[in-house]
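Have a look at the structure below before the remarks.
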Amino acid sequence: LFRGFIYPAVKRHVGLFKALVIVSLLFAVVHHNVSVFGPLVVLALLLGLSYEVTGNLIVPITIHSLFNLANLMVLIFFVER
């Protein structure tokens, strides 16, 4: 959604750099978690850059999936219950 639709639309109107920043901030905001806002902005910037460099949505989708998997593993194995 973000890299496939929102980012290209915003990029047409404001350019590459501003679009990366705006869409990354939006990505972090929609997660509704202030404590991870910064890291999510950084992740979103990396996802946007990976899409911009490769032109392939599979790359940021894979990175996002691996990020989510890593977080799940931390929750399963390292967070006390």
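In the structure tokens, chains take letters A, B, ... by order of appearance, with residues numbered from 1 within each chain and ligands from 1 in the order shown.
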*Could you pull the residues within 12 Å of Phe5 of chain A, counting only C-alpha atoms, minus those fewer than 6 positions along the same chain, as a PyMOL selection string?*
chain A and resi 11-12+19+23+48+51+57
*Excluding segment 43-46 of chain A and residues on its chain fewer than 3 positions from it, collect all residues at most 8 Å away from it, counting only C-alpha atoms, and give them as an MDAnalysis selection string.*
chainID A and resid 20:21 23:25 27:28 39:40 49:50
Let's have the selection written as an mmCIF file, in the first residue's frame, with C-alpha atoms.
```cif
data_model
loop_
_atom_site.group_PDB
_atom_site.id
_atom_site.type_symbol
_atom_site.label_atom_id
_atom_site.label_comp_id
_atom_site.auth_asym_id
_atom_site.auth_seq_id
_atom_site.Cartn_x
_atom_site.Cartn_y
_atom_site.Cartn_z
ATOM 1 C CA LEU A 20 10.142 9.370 1.232
ATOM 2 C CA VAL A 21 9.888 11.483 4.379
ATOM 3 C CA VAL A 23 5.247 8.444 3.472
ATOM 4 C CA SER A 24 7.682 7.198 6.133
ATOM 5 C CA LEU A 25 6.094 9.458 8.748
ATOM 6 C CA PHE A 27 3.750 4.654 7.888
ATOM 7 C CA ALA A 28 4.908 5.194 11.472
ATOM 8 C CA PRO A 39 12.413 3.033 14.518
ATOM 9 C CA LEU A 40 9.359 2.692 12.276
ATOM 10 C CA LEU A 49 14.767 3.532 -0.557
ATOM 11 C CA SER A 50 14.870 -0.182 -1.330
#
```
*Minimum-distance residue to Ile58 of chain A, chosen among A:Arg3, A:Arg81, A:Lys18, A:His13 (using only C-alpha atoms)*: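 Under the stated criterion, the closest residue is A:Arg3.
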*Between A:Asn68, A:Val29, A:Glu80, A:Gly4, which one has atoms that come closest to Gly55 of chain A, using only C-alpha atoms?*
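Smallest separation from Gly55 of chain A among the options: A:Gly4.
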*asked:* Excluding Leu26 of chain A and its own-chain neighbours fewer than 4 positions away, which residues fall within 9 Å of it when counting only C-alpha atoms? Please give them as a count of residues only.
replied: 6
*Which of these, A:Leu47, A:Ile76, A:Val10, A:Val34, has the shortest distance to His64 of chain A once you count only C-alpha atoms?*
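Nearest to His64 of chain A: A:Leu47.
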